[in-house]
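Report on the following structure.
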Amino acid sequence: MAYPKITLPIRQLEARYLSGESVNSLARSFGVSSYVVRTRLEEHGVRLRSLSESLRGRVFSSEWKAKISAGLRGRRLSAESRAKIGAANRGNIPWARGRSKASGDPMMANIGCAGRKHWNWKGGVSDAKNRFRMSSAYLQWRREIFIRDNWTCQDCNARSTSGKRVWLNAHHLISFALRPDLALELSNGITLCKMCHRRRHAAQPCNS
Ligand SMILES: [Zn+2]
Ligand SMILES: [Zn+2]
C-alpha cells in the first residue's frame, strides 16, 4: 500500500526555509499542509528550527504582552471544557505509570542517563541514520513490515493483546550502516518485540 506522495520543488523550499521563512508560510505558499513541508525538509536533511529558535529575536510589544496577559488572567476552564478534555484522555495510560527504575524495569533502565547524559551523546547532531528514522518513508516502511508480519514478533510470536502490551520494532536484517540502500526494502525488515530485538543485537552488536 503506497500513499501518493506530494512532491515539492525541494531546492526552492530549502532555500526559502534556510533564509528564514517559516514552515507555515511555505505551506500556505505551496498550498499543502505544514506537515508535508516539514516532512520534505526532514527527508532532505534540513535541520528544522525549534520553536524557541523561530521565536528568537522576535520582539513582542508591551501592548501585545499586556493583551495576552489580560486575556489569560483569571482563566478557568469551564466544567464543559474540562469534561471534554477528560473524556478525550480517558483510557490513556501514562507510559511510566507503575514503572520504576528500582524494580529493574527495562523500560526505565536509561532514565537519568539518556540524551546528553548518555555516554554516546553526539551533541544533538542528527546524523544520516537519525534523519532517516524521522522520515515518512521510514515510518511507512516500518508500518508495512508490521502489517506483513501481522504485528507479531517473528522470533517469539509475542503480540499485543488488550491485557498486555508488546513493544514492536522493525529490525533491519542487513544493517542501515552496511547497506543504506536496502533500508526501505520490505524483504530486509522483520518485526521483533523489544526483547527479541535486543537479543539479536546482542548477538550482532554493530548491526542496526
Ligand atoms: Zn519476541
Ligand atoms: Zn535492529
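The chains in the C-alpha cells are called A, B, ... from first to last as shown; in each chain the residues are counted from 1, and the ligands are counted from 1 in the order shown.
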
Which residues are near ligand 2 in this structure, taking near to mean any atom at most 8 Å from a ligand atom and counting only C-alpha atoms and all ligand atoms? Format them as an MDAnalysis selection string. chainID A and resid 169:173 175 197:198 200:201 207:208

Within 10 Å of ligand 1 (only C-alpha atoms and all ligand atoms), residues as a VMD selection string: chain A and resid 152 to 159 166 to 169 191 to 199

Mind checking DSSP for chain A and telling me the helix (DSSP H, G or I) residues as a VMD selection string? chain A and resid 10 to 18 23 to 30 34 to 43 51 to 55 62 to 72 79 to 89 106 to 108 115 to 117 128 to 134 136 to 148 180 to 182 186 to 188 194 to 203

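All residues of protein, DNA or RNA that reach within 12 Å of Pro9 in chain A, judged by only C-alpha atoms and not counting those fewer than 6 positions away in the chain, are A:Ala15, A:Arg16, A:Leu26, A:Phe30, A:Val37, A:Arg40, A:Leu41, A:His44.
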
What lies within 9 Å of Ala183 in chain A using only C-alpha atoms, ignoring chain neighbours under 3 positions off, as a list in words? Tyr138, Trp141, His172, Ile174, Ser175, Phe176, Arg179, Pro180, Leu186, Asn188 and Gly189 of chain A

Residue subset to file, keeping N, CA and C atoms, as a short mmCIF file (atom, residue, chain, number, x, y, z; two decimals), in the first residue's frame:
```cif
data_model
loop_
_atom_site.label_atom_id
_atom_site.label_comp_id
_atom_site.auth_asym_id
_atom_site.auth_seq_id
_atom_site.Cartn_x
_atom_site.Cartn_y
_atom_site.Cartn_z
N TYR A 138 10.56 6.10 6.04
CA TYR A 138 10.92 5.07 7.02
C TYR A 138 9.69 4.62 7.81
N TRP A 141 7.68 2.36 5.75
CA TRP A 141 8.35 1.06 5.63
C TRP A 141 8.06 0.22 6.88
N HIS A 172 16.28 -4.22 10.82
CA HIS A 172 16.91 -4.41 9.51
C HIS A 172 17.79 -5.65 9.56
N ILE A 174 19.89 -6.69 7.23
CA ILE A 174 21.21 -6.14 6.89
C ILE A 174 21.18 -4.69 7.33
N SER A 175 22.12 -4.32 8.18
CA SER A 175 22.01 -3.04 8.87
C SER A 175 22.01 -1.83 7.95
N PHE A 176 21.46 -0.75 8.47
CA PHE A 176 21.45 0.52 7.76
C PHE A 176 22.88 0.97 7.46
N ARG A 179 24.24 -1.35 4.54
CA ARG A 179 23.56 -1.19 3.25
C ARG A 179 22.42 -0.20 3.34
N PRO A 180 22.71 1.10 3.40
CA PRO A 180 21.63 2.08 3.47
C PRO A 180 20.66 1.96 2.29
N LEU A 186 11.31 -4.15 1.79
CA LEU A 186 10.46 -4.90 2.70
C LEU A 186 11.12 -6.22 3.08
N ASN A 188 14.06 -6.77 3.66
CA ASN A 188 15.17 -6.57 4.59
C ASN A 188 14.68 -6.20 5.99
N GLY A 189 13.36 -6.26 6.20
CA GLY A 189 12.84 -5.89 7.51
C GLY A 189 12.13 -7.04 8.17
#
```

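Between CA of Ser136 in chain A and CA of Arg148 in chain A the separation is 18.1 Å.
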
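Among the candidates A:Ser22, A:Ala79, A:Arg165, A:Gly74, the residue lying nearest to Leu51 in chain A is A:Ser22 (atoms considered: only C-alpha atoms).
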
To one decimal place, how far is CA of Gly91 in chain A from CA of Met107 in chain A in Å? 20.5 Å

Taking the backbone alone, and naming residues the way the document does, which bits of chain A are strand (DSSP E) by DSSP, as a ChimeraX atom specification? /A:168-172,189-193
